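K.L.:
This is entry02.txt, which holds compact mmCIF, C-alpha atoms and all ligand atoms:
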```txt
# COMPACT_ATOMS: atom_id res chain seq x y z
CA MET A 1 -161.90 -86.83 -3.27
CA GLY A 2 -165.49 -85.45 -3.28
CA VAL A 3 -168.33 -87.01 -1.31
CA GLY A 4 -170.16 -87.92 -4.52
CA PHE A 5 -167.19 -89.82 -5.87
CA ARG A 6 -166.55 -91.70 -2.64
CA LEU A 7 -170.23 -92.68 -2.38
CA ALA A 8 -170.28 -93.84 -5.98
CA GLU A 9 -167.25 -95.96 -5.21
CA LEU A 10 -168.94 -97.49 -2.13
CA LEU A 11 -172.08 -98.27 -4.10
CA PHE A 12 -170.16 -99.63 -7.03
CA ARG A 13 -168.65 -102.17 -4.69
CA GLN A 14 -172.18 -103.11 -3.53
CA LYS A 15 -173.40 -103.44 -7.10
CA LEU A 16 -170.32 -105.24 -8.33
CA PHE A 17 -170.90 -108.14 -6.01
CA ASN A 18 -174.70 -107.82 -6.27
CA GLU A 19 -175.04 -109.86 -3.14
CA GLY A 20 -176.15 -107.40 -0.53
CA LEU A 21 -173.93 -106.85 2.46
CA LYS A 22 -171.73 -109.57 3.77
CA GLY A 23 -170.33 -109.46 7.23
CA LYS A 24 -167.85 -111.43 9.18
CA ALA A 25 -169.46 -113.10 12.18
CA ASN A 26 -169.90 -110.78 15.12
CA THR A 27 -169.18 -107.59 13.17
CA PRO A 28 -171.48 -104.59 13.75
CA LEU A 29 -172.16 -104.30 10.04
CA ILE A 30 -175.12 -101.99 10.55
CA VAL A 31 -175.61 -99.50 13.36
CA SER A 32 -178.52 -97.21 14.09
CA TYR A 33 -177.59 -94.05 15.94
CA ALA A 34 -180.34 -92.05 17.65
CA VAL A 35 -178.66 -88.65 17.66
CA THR A 36 -181.21 -87.05 19.99
CA LYS A 37 -184.22 -87.94 22.10
CA ALA A 38 -185.87 -84.67 21.09
CA CYS A 39 -188.73 -84.81 18.65
CA ASN A 40 -191.18 -82.37 17.12
CA LEU A 41 -193.86 -85.09 17.10
CA ARG A 42 -195.29 -87.28 19.87
CA CYS A 43 -196.25 -90.39 17.86
CA LEU A 44 -198.51 -92.77 19.77
CA HIS A 45 -196.37 -95.80 18.89
CA CYS A 46 -192.89 -94.24 19.37
CA HIS A 47 -190.65 -97.06 20.57
CA VAL A 48 -188.08 -94.67 22.06
CA GLU A 49 -190.64 -92.42 23.82
CA ALA A 50 -189.08 -89.39 22.11
CA LYS A 51 -189.85 -86.07 23.80
CA GLU A 52 -187.21 -83.58 24.91
CA ALA A 53 -183.46 -83.77 24.26
CA LEU A 54 -181.42 -85.45 27.00
CA ALA A 55 -179.02 -83.18 28.87
CA ASN A 56 -176.08 -85.47 28.15
CA GLU A 57 -176.30 -86.24 24.43
CA LEU A 58 -172.97 -87.00 22.72
CA ASN A 59 -171.23 -83.97 21.25
CA LEU A 60 -169.64 -83.90 17.79
CA LYS A 61 -166.17 -84.88 18.99
CA GLU A 62 -167.55 -87.83 20.98
CA ALA A 63 -169.78 -88.97 18.13
CA MET A 64 -166.89 -88.81 15.64
CA GLN A 65 -164.72 -90.81 17.99
CA VAL A 66 -167.32 -93.57 18.24
CA ILE A 67 -167.95 -93.60 14.47
CA GLY A 68 -164.19 -94.03 14.02
CA GLU A 69 -164.40 -97.04 16.34
CA MET A 70 -167.33 -98.42 14.31
CA ALA A 71 -165.21 -98.21 11.14
CA GLU A 72 -162.44 -100.16 12.87
CA LEU A 73 -164.95 -102.81 13.91
CA GLY A 74 -166.18 -103.18 10.30
CA THR A 75 -169.41 -101.12 10.20
CA LYS A 76 -170.66 -100.62 6.63
CA ALA A 77 -173.88 -98.64 7.09
CA LEU A 78 -175.01 -96.16 9.74
CA ILE A 79 -178.60 -94.99 10.04
CA PHE A 80 -179.20 -91.72 11.86
CA SER A 81 -182.46 -91.67 13.77
CA GLY A 82 -183.86 -90.07 16.90
CA GLY A 83 -186.12 -88.56 18.11
CA GLU A 84 -185.98 -86.36 15.05
CA PRO A 85 -182.41 -86.23 13.70
CA LEU A 86 -182.98 -82.98 11.80
CA LEU A 87 -183.32 -81.20 15.14
CA ARG A 88 -179.51 -81.71 15.17
CA LYS A 89 -179.11 -81.08 11.45
CA ASN A 90 -175.56 -79.67 11.42
CA PHE A 91 -174.42 -82.47 13.70
CA VAL A 92 -175.88 -85.08 11.31
CA LEU A 93 -174.39 -83.38 8.24
CA SER A 94 -170.90 -83.36 9.78
CA LEU A 95 -171.21 -86.99 10.84
CA ALA A 96 -172.54 -88.08 7.43
CA GLU A 97 -169.49 -86.54 5.73
CA TYR A 98 -167.25 -88.26 8.25
CA CYS A 99 -168.96 -91.60 7.58
CA VAL A 100 -168.28 -91.28 3.86
CA ASP A 101 -164.61 -90.46 4.59
CA LEU A 102 -164.41 -93.68 6.58
CA GLY A 103 -166.18 -95.82 3.98
CA ILE A 104 -169.45 -96.11 5.93
CA ILE A 105 -172.69 -95.53 4.03
CA PRO A 106 -174.90 -93.01 5.91
CA ALA A 107 -178.71 -92.99 5.80
CA MET A 108 -181.35 -91.25 7.89
CA LEU A 109 -184.86 -91.79 9.24
CA THR A 110 -186.90 -88.62 9.66
CA ASN A 111 -190.54 -87.61 10.08
CA GLY A 112 -190.01 -85.03 7.31
CA LEU A 113 -191.39 -82.00 9.17
CA LEU A 114 -188.12 -80.07 8.79
CA LEU A 115 -187.19 -81.35 5.36
CA ASN A 116 -187.41 -78.57 2.78
CA HIS A 117 -185.58 -78.15 -0.52
CA SER A 118 -182.40 -76.64 0.89
CA VAL A 119 -182.18 -79.26 3.67
CA ALA A 120 -182.62 -82.04 1.10
CA LEU A 121 -179.74 -80.59 -0.92
CA GLU A 122 -177.57 -80.35 2.19
CA LEU A 123 -178.28 -83.99 3.03
CA LYS A 124 -177.41 -85.07 -0.46
CA GLU A 125 -174.21 -83.05 -0.52
CA ALA A 126 -173.15 -84.46 2.84
CA GLY A 127 -173.46 -87.96 1.39
CA ILE A 128 -176.71 -89.20 2.98
CA MET A 129 -177.49 -92.17 0.77
CA ALA A 130 -181.17 -92.68 1.54
CA VAL A 131 -183.86 -91.01 3.61
CA GLY A 132 -186.60 -93.00 5.33
CA LEU A 133 -189.89 -91.07 5.49
CA PRO A 134 -193.24 -92.22 6.93
CA ILE A 135 -196.59 -92.78 5.26
CA ASP A 136 -198.59 -94.58 7.92
CA ALA A 137 -202.07 -94.49 6.41
CA LEU A 138 -204.01 -93.83 3.27
CA ASP A 139 -206.24 -91.31 4.94
CA PRO A 140 -204.23 -88.26 6.13
CA THR A 141 -206.38 -88.09 9.29
CA ASP A 142 -205.35 -91.62 10.30
CA HIS A 143 -201.67 -90.82 9.76
CA ASP A 144 -202.01 -87.55 11.68
CA SER A 145 -203.78 -89.26 14.53
CA LEU A 146 -201.05 -91.94 14.90
CA ARG A 147 -198.37 -89.25 14.55
CA ASN A 148 -200.32 -87.06 16.97
CA MET A 149 -200.15 -83.91 14.87
CA SER A 150 -202.52 -82.54 12.34
CA GLY A 151 -200.78 -81.73 9.06
CA SER A 152 -197.96 -84.25 9.57
CA PHE A 153 -199.15 -86.37 6.62
CA ALA A 154 -199.04 -83.38 4.25
CA LYS A 155 -195.56 -82.50 5.49
CA ALA A 156 -194.32 -86.07 4.99
CA VAL A 157 -195.72 -86.09 1.44
CA ASN A 158 -193.98 -82.78 0.75
CA ALA A 159 -190.71 -84.10 2.13
CA ILE A 160 -190.94 -87.18 -0.13
CA LYS A 161 -191.50 -85.00 -3.20
CA THR A 162 -188.67 -82.69 -2.16
CA CYS A 163 -186.22 -85.59 -1.78
CA LYS A 164 -187.25 -86.98 -5.16
CA ASP A 165 -186.76 -83.50 -6.70
CA VAL A 166 -183.11 -83.46 -5.65
CA ASP A 167 -182.65 -87.09 -6.58
CA LEU A 168 -182.20 -88.31 -3.03
CA GLU A 169 -183.07 -91.99 -2.58
CA VAL A 170 -186.29 -92.44 -0.56
CA VAL A 171 -187.44 -95.43 1.45
CA ILE A 172 -190.98 -95.14 2.76
CA THR A 173 -191.57 -96.53 6.23
CA THR A 174 -195.14 -97.60 6.88
CA MET A 175 -196.83 -99.06 9.95
CA ALA A 176 -198.94 -102.16 9.41
CA LEU A 177 -201.67 -102.14 12.07
CA LYS A 178 -204.75 -104.25 12.69
CA ASP A 179 -207.31 -101.66 11.59
CA THR A 180 -205.43 -100.34 8.56
CA VAL A 181 -203.55 -103.33 7.14
CA HIS A 182 -206.38 -103.97 4.65
CA GLU A 183 -205.51 -100.67 2.94
CA ILE A 184 -201.86 -101.63 2.32
CA PRO A 185 -202.44 -102.34 -1.42
CA LYS A 186 -203.89 -98.85 -1.90
CA ARG A 187 -201.29 -97.34 0.37
CA ILE A 188 -198.59 -98.86 -1.82
CA ASP A 189 -200.36 -97.40 -4.88
CA LEU A 190 -200.16 -94.00 -3.23
CA ILE A 191 -196.49 -94.48 -2.35
CA SER A 192 -195.80 -95.49 -5.92
CA LYS A 193 -197.62 -92.40 -7.23
CA LEU A 194 -195.38 -90.29 -5.02
CA GLY A 195 -192.45 -91.72 -6.96
CA ALA A 196 -191.11 -94.00 -4.22
CA ASP A 197 -190.39 -97.62 -5.01
CA GLN A 198 -188.89 -98.92 -1.77
CA VAL A 199 -190.99 -99.62 1.29
CA ALA A 200 -190.04 -100.78 4.77
CA VAL A 201 -193.16 -102.13 6.47
CA TYR A 202 -193.07 -101.84 10.26
CA ASP A 203 -194.67 -104.30 12.63
CA LEU A 204 -195.51 -103.08 16.12
CA VAL A 205 -193.12 -104.18 18.89
CA PRO A 206 -194.31 -103.49 22.47
CA VAL A 207 -191.49 -101.10 23.33
CA GLY A 208 -191.68 -97.49 24.54
CA ARG A 209 -195.06 -95.86 23.82
CA GLY A 210 -195.71 -98.85 21.52
CA LYS A 211 -196.60 -100.78 24.72
CA ASP A 212 -199.68 -98.61 25.19
CA VAL A 213 -201.07 -99.28 21.69
CA MET A 214 -200.57 -103.02 21.37
CA ASP A 215 -204.32 -103.40 20.81
CA LYS A 216 -203.51 -101.92 17.37
CA ALA A 217 -201.06 -104.73 16.44
CA MET A 218 -201.92 -107.07 13.56
CA SER A 219 -203.17 -110.59 14.25
CA GLN A 220 -200.83 -113.38 13.16
CA GLU A 221 -203.19 -114.18 10.28
CA GLN A 222 -203.02 -110.58 9.07
CA ARG A 223 -199.23 -110.65 9.38
CA VAL A 224 -198.91 -113.81 7.29
CA ASN A 225 -201.35 -112.49 4.67
CA LEU A 226 -199.39 -109.25 4.52
CA ILE A 227 -196.11 -111.07 3.89
CA ARG A 228 -197.74 -113.06 1.10
CA TYR A 229 -199.21 -109.89 -0.38
CA LEU A 230 -195.91 -107.97 -0.30
CA GLN A 231 -194.15 -110.77 -2.09
CA GLN A 232 -196.81 -110.95 -4.82
CA ARG A 233 -196.72 -107.20 -5.21
CA GLN A 234 -192.96 -107.32 -5.54
CA GLU A 235 -193.33 -109.79 -8.39
CA SER A 236 -195.75 -107.65 -10.31
CA SER A 237 -194.35 -104.16 -9.75
CA GLU A 238 -191.07 -102.33 -9.87
CA MET A 239 -190.89 -102.10 -6.10
CA VAL A 240 -189.00 -103.73 -3.30
CA PHE A 241 -190.14 -104.32 0.27
CA THR A 242 -188.69 -105.28 3.56
CA MET A 243 -190.10 -105.61 7.07
CA SER A 244 -188.77 -104.03 10.22
CA GLY A 245 -189.68 -104.57 13.84
CA GLY A 246 -189.22 -108.26 14.36
CA GLN A 247 -189.59 -109.91 10.93
CA PRO A 248 -185.99 -110.00 9.62
CA LEU A 249 -186.56 -113.17 7.59
CA TYR A 250 -189.01 -111.46 5.23
CA PRO A 251 -186.34 -111.30 2.44
CA GLU A 252 -185.68 -115.00 2.80
CA ILE A 253 -189.37 -115.92 2.68
CA ALA A 254 -189.95 -113.56 -0.26
CA SER A 255 -186.93 -114.99 -2.07
CA ALA A 256 -188.27 -118.54 -1.64
CA MET A 257 -191.58 -117.41 -3.17
CA HIS A 258 -189.76 -115.70 -6.03
CA LYS A 259 -187.80 -118.86 -6.69
CA ALA A 260 -191.01 -120.90 -6.81
CA ASN A 261 -192.48 -118.43 -9.31
CA ASP A 262 -189.28 -117.92 -11.31
CA THR A 263 -189.21 -114.20 -10.61
CA LYS A 264 -186.81 -111.95 -8.75
CA PRO A 265 -187.03 -108.74 -6.76
CA LYS A 266 -185.75 -105.51 -8.28
CA ASP A 267 -182.14 -104.54 -7.72
CA LEU A 268 -182.96 -101.42 -5.74
CA LEU A 269 -180.95 -100.03 -2.86
CA LEU A 270 -183.13 -101.71 -0.23
CA LYS A 271 -182.52 -105.12 -1.76
CA GLU A 272 -178.82 -104.50 -2.07
CA PHE A 273 -178.78 -104.03 1.67
CA TRP A 274 -180.41 -107.33 2.50
CA VAL A 275 -177.65 -109.00 4.44
CA HIS A 276 -176.26 -112.29 3.24
CA ASN A 277 -175.92 -114.09 6.49
CA ALA A 278 -178.21 -116.68 8.03
CA VAL A 279 -178.65 -115.24 11.52
CA GLY A 280 -182.21 -113.89 11.40
CA CYS A 281 -182.41 -111.65 14.47
CA HIS A 282 -179.15 -109.73 14.16
CA ALA A 283 -179.33 -107.86 17.49
CA GLY A 284 -175.86 -107.91 19.00
CA ILE A 285 -174.58 -110.17 16.20
CA LEU A 286 -174.35 -107.91 13.14
CA TYR A 287 -176.11 -104.84 14.50
CA PHE A 288 -176.43 -102.57 17.52
CA SER A 289 -178.12 -99.34 18.44
CA LEU A 290 -176.25 -96.31 19.79
CA ARG A 291 -178.43 -94.10 21.97
CA PRO A 292 -178.18 -90.27 22.29
CA SER A 293 -176.19 -90.37 25.56
CA GLY A 294 -173.75 -93.00 24.31
CA ASP A 295 -175.54 -96.03 25.75
CA VAL A 296 -175.38 -99.11 23.57
CA TYR A 297 -178.36 -101.45 23.09
CA PRO A 298 -178.29 -104.73 21.09
CA CYS A 299 -181.20 -103.33 19.04
CA THR A 300 -183.43 -100.27 19.16
CA PHE A 301 -186.28 -102.65 19.99
CA LEU A 302 -184.24 -104.38 22.72
CA PRO A 303 -183.58 -101.55 25.19
CA VAL A 304 -181.08 -103.35 27.41
CA LYS A 305 -178.00 -101.22 28.14
CA VAL A 306 -174.85 -103.19 27.44
CA GLY A 307 -172.40 -100.32 27.99
CA ASN A 308 -171.73 -96.63 27.36
CA VAL A 309 -169.14 -95.31 24.92
CA ARG A 310 -168.06 -92.59 27.36
CA GLU A 311 -167.05 -95.22 29.89
CA GLN A 312 -165.61 -97.97 27.70
CA SER A 313 -164.33 -98.31 24.17
CA LEU A 314 -166.90 -99.51 21.67
CA SER A 315 -164.68 -102.47 20.92
CA ASP A 316 -164.67 -103.48 24.60
CA ILE A 317 -168.48 -103.24 24.75
CA TRP A 318 -168.97 -105.11 21.48
CA HIS A 319 -166.59 -107.96 22.28
CA ASN A 320 -167.05 -108.32 26.03
CA SER A 321 -170.65 -107.48 26.95
CA LYS A 322 -172.26 -110.44 28.71
CA VAL A 323 -175.64 -109.71 27.11
CA LEU A 324 -174.21 -109.47 23.58
CA ASN A 325 -172.27 -112.67 24.07
CA GLU A 326 -175.42 -114.44 25.28
CA LEU A 327 -177.36 -113.21 22.25
CA ARG A 328 -174.65 -114.76 20.04
CA GLN A 329 -175.15 -118.20 21.57
CA ARG A 330 -178.46 -119.50 20.28
CA CYS A 331 -178.03 -122.65 22.39
CA LEU A 332 -178.99 -120.41 25.33
CA LEU A 333 -182.44 -119.65 23.91
CA LYS A 334 -185.32 -121.02 25.95
CA ASN A 335 -188.51 -122.98 25.27
CA ALA A 336 -189.83 -123.03 21.67
CA CYS A 337 -186.98 -120.94 20.18
CA GLY A 338 -184.42 -122.98 22.16
CA LYS A 339 -185.72 -126.28 20.75
CA CYS A 340 -186.40 -125.05 17.23
CA GLU A 341 -184.55 -126.30 14.15
CA TYR A 342 -184.48 -122.67 12.90
CA ARG A 343 -182.74 -121.51 16.07
CA GLU A 344 -179.46 -120.54 14.37
CA ASN A 345 -181.07 -118.99 11.27
CA CYS A 346 -184.00 -117.16 12.83
CA GLY A 347 -183.63 -116.97 16.60
CA GLY A 348 -186.94 -115.11 16.99
CA CYS A 349 -187.15 -111.38 17.68
CA ARG A 350 -185.15 -110.94 20.88
CA GLY A 351 -186.73 -107.52 21.41
CA ARG A 352 -190.26 -108.90 21.31
CA ALA A 353 -189.27 -111.83 23.55
CA TYR A 354 -187.87 -109.34 26.08
CA ALA A 355 -190.86 -107.01 25.83
CA CYS A 356 -193.33 -109.86 26.35
CA THR A 357 -191.49 -111.86 29.03
CA GLY A 358 -188.75 -109.67 30.55
CA ASP A 359 -186.15 -112.23 29.35
CA TYR A 360 -184.28 -111.63 26.10
CA LEU A 361 -183.51 -115.35 25.79
CA GLU A 362 -187.17 -116.43 25.95
CA SER A 363 -189.27 -117.52 22.97
CA ASP A 364 -190.62 -115.06 20.43
CA PRO A 365 -194.43 -115.25 20.71
CA LEU A 366 -194.93 -114.32 17.02
CA CYS A 367 -193.09 -117.19 15.38
CA LEU A 368 -193.31 -117.55 11.55
CA ARG A 369 -192.15 -121.18 11.51
CA ASP A 370 -195.35 -122.49 9.87
CA LEU A 371 -195.13 -119.94 7.08
CA MET A 372 -191.45 -120.72 6.48
CA GLN A 373 -192.22 -124.42 6.20
CA GLU A 374 -195.14 -123.83 3.85
CA GLU A 375 -192.93 -121.71 1.61
CA GLY A 376 -190.01 -124.13 1.56
CA VAL A 377 -187.67 -122.07 3.73
CA TYR A 378 -185.64 -124.68 5.59
CA PRO A 379 -182.91 -124.07 8.16
CA ALA A 380 -180.14 -125.23 5.83
CA THR A 381 -181.34 -122.98 2.99
CA VAL A 382 -181.65 -119.67 4.85
CA GLN A 383 -179.19 -117.20 3.33
CA ARG A 384 -180.29 -113.66 4.09
CA PHE A 385 -182.15 -111.24 6.32
CA GLY A 386 -183.37 -107.66 6.10
CA TRP A 387 -182.23 -105.34 8.84
CA CYS A 388 -184.58 -104.00 11.45
CA VAL A 389 -183.89 -100.40 12.27
CA GLY A 390 -185.63 -97.72 14.22
S1 LIG B 401 -189.47 -120.99 17.35
FE1 LIG B 401 -190.09 -119.62 15.69
S2 LIG B 401 -189.27 -117.61 16.24
FE2 LIG B 401 -188.18 -119.14 17.45
S3 LIG B 401 -186.36 -119.70 16.25
FE3 LIG B 401 -187.98 -121.14 15.68
S4 LIG B 401 -188.93 -120.27 13.88
FE4 LIG B 401 -187.78 -118.63 14.86
S1 LIG B 402 -184.52 -107.75 18.24
FE1 LIG B 402 -183.85 -108.73 16.30
S2 LIG B 402 -185.69 -109.28 15.11
FE2 LIG B 402 -186.27 -107.87 16.80
S3 LIG B 402 -186.31 -105.86 15.85
FE3 LIG B 402 -184.23 -106.13 16.73
S4 LIG B 402 -182.94 -107.08 15.13
FE4 LIG B 402 -185.12 -107.23 14.47
```
Please express the file's structure as structure tokens.

P.N.:
Amino acid sequence: MGVGFRLAELLFRQKLFNEGLKGKANTPLIVSYAVTKACNLRCLHCHVEAKEALANELNLKEAMQVIGEMAELGTKALIFSGGEPLLRKNFVLSLAEYCVDLGIIPAMLTNGLLLNHSVALELKEAGIMAVGLPIDALDPTDHDSLRNMSGSFAKAVNAIKTCKDVDLEVVITTMALKDTVHEIPKRIDLISKLGADQVAVYDLVPVGRGKDVMDKAMSQEQRVNLIRYLQQRQESSEMVFTMSGGQPLYPEIASAMHKANDTKPKDLLLKEFWVHNAVGCHAGILYFSLRPSGDVYPCTFLPVKVGNVREQSLSDIWHNSKVLNELRQRCLLKNACGKCEYRENCGGCRGRAYACTGDYLESDPLCLRDLMQEEGVYPATVQRFGWCVG
């Protein structure tokens, strides 16, 4: 059976139920796999401090073995990231094909520098379902300065057009920062002109090099205004948004606003992958991050090693890690998150709690409880979240 046919079958199942992904409790439904630490950029905010490749990155046989274990555990979608995954292009292509064979939907985040027409075709043929590409500012100079390389904006734009040319699904990733968040409406206009209709807005989490640029993070007022704006925009245009980096309940809040206005978001790929489960922060519950050397973290933004796939089976790590089991027990959360009525459905961003306090069970300092209450999102009504990947 060809890759195209198998992918169509996988997507048909998604569409048929039209309910996003569903996952049994404590299943790693979504995994992000950083295939290398090497990168051809040195972005100021890089949360994995990408630089050179590690000497001990997993080889193809090891990576296939662990993807096989993911399939057995119930993984439905795997996002290749890095570093820059196209620096290991053949590795990613082989793994993408293997994912499709196993019934896992593969996607990829890339900075686009290496993405030309023939690479886009190869990705499509291997079964990569969607490519995440960055547009971090309206002004190319601002994008280039955050990405630390002149010309990187132009290359990202080219990569977007190239993917669209070969009919490869594109999700634009875009950083929302204090000094540039005001331009988001125009930035979305630009994204739309480029032919992309799905946008993952990233909030800054103080992890990796992101720690050094936290003065660029949005204020809470800007964050709330942005969420309100995205929802309105989603009502009036043929686009769909989600938020990554600590705001997994965006789809729930947006859905409450849609309900109030008798509208609904478009049935685009990004929406189909909103997960129908009321856990909020899914780190270690429905998601984990596999690092280049085989280390496992609960989330890319929660860099706490819970095991290594060269030393233990993935199943052993997933079921028996003390940290993962603690993250699954919201009664262990401390202070405001521990006492909160949204504890089971939100849980706060465990990565941000860890980055700010050194304790992954502490409170999330950027709580959206007030906004949820204003919008009529109550603990008993929470149904979905959007995955945070990096
Ligand atoms: S205190 Fe805020 S961040 Fe923590 S669980 Fe409640 S709503 Fe979520
Ligand atoms: S720790 Fe949770 S909320 Fe924070 S980025 Fe990871 S999955 Fe999202």

K.L.:
So that I can check the surroundings of A:Pro28, please list as a list of chain:residue names every protein, DNA and RNA residue that reaches within 6 Å of it, counting all atoms listed in the file and ignoring chain neighbours fewer than 6 positions away.

P.N.:
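Result of the neighbour search: A:Thr75, A:Leu286, A:Tyr287.
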
K.L.:
Each residue of chain A with at least one atom at most 9 Å from ligand LIG 402 (chain B) should appear once, together with its nearest atom pair and the corresponding distance in Å (one decimal); atoms considered: all atoms listed in the file; ordering: chain, then increasing residue number; output as a tab-separated table.

P.N.:
```
residue	atom	partner	partner_atom	distance
A:Val205	CA	B:LIG402	S3	7.6
A:Ser244	CA	B:LIG402	S3	6.4
A:Gly245	CA	B:LIG402	S3	4.1
A:Gly246	CA	B:LIG402	S2	3.8
A:Gln247	CA	B:LIG402	S2	5.8
A:Pro248	CA	B:LIG402	S2	5.5
A:Leu249	CA	B:LIG402	S2	8.5
A:Gly280	CA	B:LIG402	S2	6.9
A:Cys281	CA	B:LIG402	FE1	3.7
A:His282	CA	B:LIG402	S4	4.7
A:Ala283	CA	B:LIG402	S4	4.4
A:Gly284	CA	B:LIG402	S4	8.1
A:Ile285	CA	B:LIG402	S4	9.0
A:Leu286	CA	B:LIG402	S4	8.9
A:Tyr287	CA	B:LIG402	S4	7.2
A:Phe288	CA	B:LIG402	S4	8.3
A:Pro298	CA	B:LIG402	S1	7.5
A:Cys299	CA	B:LIG402	FE3	4.7
A:Thr300	CA	B:LIG402	FE3	6.4
A:Phe301	CA	B:LIG402	FE3	5.2
A:Leu302	CA	B:LIG402	S1	5.6
A:Cys346	CA	B:LIG402	S2	8.4
A:Gly347	CA	B:LIG402	S2	8.1
A:Gly348	CA	B:LIG402	S2	6.3
A:Cys349	CA	B:LIG402	S2	3.6
A:Arg350	CA	B:LIG402	S1	4.2
A:Gly351	CA	B:LIG402	S1	3.9
A:Arg352	CA	B:LIG402	FE2	6.1
A:Ala353	CA	B:LIG402	S1	8.2
A:Tyr354	CA	B:LIG402	S1	8.7
A:Tyr360	CA	B:LIG402	S1	8.8
A:Gly386	CA	B:LIG402	FE4	8.6
A:Trp387	CA	B:LIG402	S4	6.6
A:Cys388	CA	B:LIG402	FE4	4.5
A:Val389	CA	B:LIG402	S3	7.0
A:Gly390	CA	B:LIG402	S3	8.3
```

K.L.:
If you count only C-alpha atoms and all ligand atoms, which residues end up within 9 Å of ligand LIG 401 (chain B), as a PyMOL selection string?

P.N.:
chain A and resi 280-281+330+333+335-349+362-370+372

K.L.:
Find, counting only C-alpha atoms, the residue in A:Ile253, A:Leu226, A:Val275, A:Ala156 that gets nearest to A:Thr110.

P.N.:
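Ranked by minimum distance to A:Thr110, first place goes to A:Ala156.
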
K.L.:
Nearest residue to A:Leu54 out of A:Gly151, A:Pro292, A:Gly127, A:Gly112, using only C-alpha atoms?

P.N.:
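Using only C-alpha atoms, A:Leu54 sits closest to A:Pro292.
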
K.L.:
So, with only C-alpha atoms as the atoms that count, which of A:Val170, A:Leu138, A:Leu73, A:Leu41 lies closest to A:Trp318?

P.N.:
A:Leu73

K.L.:
So that I can see what lies close to A:Lys186, please list as a VMD selection string the residues with an atom at most 10 Å from it, counting only C-alpha atoms and leaving out residues fewer than 4 positions away in the same chain.

P.N.:
chain A and resid 137 to 138 182 190 to 192

K.L.:
Can you pull out the residues contacting A:Arg228? Cut-off 12 Å, using all atoms listed in the file, and skip same-chain residues under 2 positions away; I want them as a PyMOL selection string.

P.N.:
chain A and resi 185+221-226+230-235+241+250-251+253-258+371-372+374-375

K.L.:
Excluding A:Thr180 and any residue of its chain fewer than 3 positions from it, enumerate the residues within 10 Å of it, using all atoms listed in the file, and give them as a VMD selection string.

P.N.:
chain A and resid 136 to 139 142 175 to 177 183 to 184 187 216 218

K.L.:
Show which residues sit within 10 Å of A:Lys37, as a short mmCIF file (atom, residue, chain, number, x, y, z; two decimals) with C-alpha atoms, keeping the file's coordinate frame. Count only C-alpha atoms, and ignore same-chain residues fewer than 3 positions away.

P.N.:
```cif
data_model
loop_
_atom_site.label_atom_id
_atom_site.label_comp_id
_atom_site.auth_asym_id
_atom_site.auth_seq_id
_atom_site.Cartn_x
_atom_site.Cartn_y
_atom_site.Cartn_z
CA ALA A 34 -180.34 -92.05 17.65
CA VAL A 48 -188.08 -94.67 22.06
CA GLU A 49 -190.64 -92.42 23.82
CA ALA A 50 -189.08 -89.39 22.11
CA LYS A 51 -189.85 -86.07 23.80
CA GLU A 52 -187.21 -83.58 24.91
CA ALA A 53 -183.46 -83.77 24.26
CA LEU A 54 -181.42 -85.45 27.00
CA ALA A 55 -179.02 -83.18 28.87
CA GLU A 57 -176.30 -86.24 24.43
CA SER A 81 -182.46 -91.67 13.77
CA GLY A 82 -183.86 -90.07 16.90
CA GLY A 83 -186.12 -88.56 18.11
CA GLU A 84 -185.98 -86.36 15.05
CA PRO A 85 -182.41 -86.23 13.70
CA LEU A 87 -183.32 -81.20 15.14
CA ARG A 291 -178.43 -94.10 21.97
CA PRO A 292 -178.18 -90.27 22.29
CA SER A 293 -176.19 -90.37 25.56
#
```

K.L.:
Grab all the atoms of stretch 96-113 of chain A that the file lists, wrap them in a box along x, y and z, add 8 Å per side, and give me centre plus edge lengths in Å (one decimal) as JSON.

P.N.:
```
{"center_x": -177.9, "center_y": -89.1, "center_z": 7.0, "size_x": 43.0, "size_y": 30.1, "size_z": 22.2}
```

K.L.:
Report the distance between atom CA of A:Thr173 and atom CA of A:Phe80 in Å, rounded to one decimal place.

P.N.:
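Interatomic distance, atom CA of A:Thr173 to atom CA of A:Phe80: 14.4 Å.
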
K.L.:
I'd like to know which of A:Thr162, A:Gln65, A:Asn116, A:Ser289 is closest to A:Ser32, using only C-alpha atoms.

P.N.:
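With only C-alpha atoms as the atom set, the closest residue is A:Ser289.
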
K.L.:
In Å, how far is it from atom CA of A:Met239 to atom CA of A:Leu268?

P.N.:
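Separation of atom CA of A:Met239 and atom CA of A:Leu268: 8.0 Å.
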
K.L.:
Atom CA of A:Leu109 to atom CA of A:Val66: how many Å, to one decimal?

P.N.:
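Answer for the atom CA of A:Leu109 to atom CA of A:Val66 separation: 19.8 Å.
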
K.L.:
Tell me which of A:Val279, A:Asn40, A:Ser237, A:Gln329 sits closest to A:Thr263, counting all atoms listed in the file.

P.N.:
A:Ser237

K.L.:
Counting only C-alpha atoms, which residue out of A:Thr141, A:Val35, A:Ser315, A:Arg42 sits closest to A:Phe91?

P.N.:
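Residue with the minimum atom-to-atom distance to A:Phe91: A:Val35.
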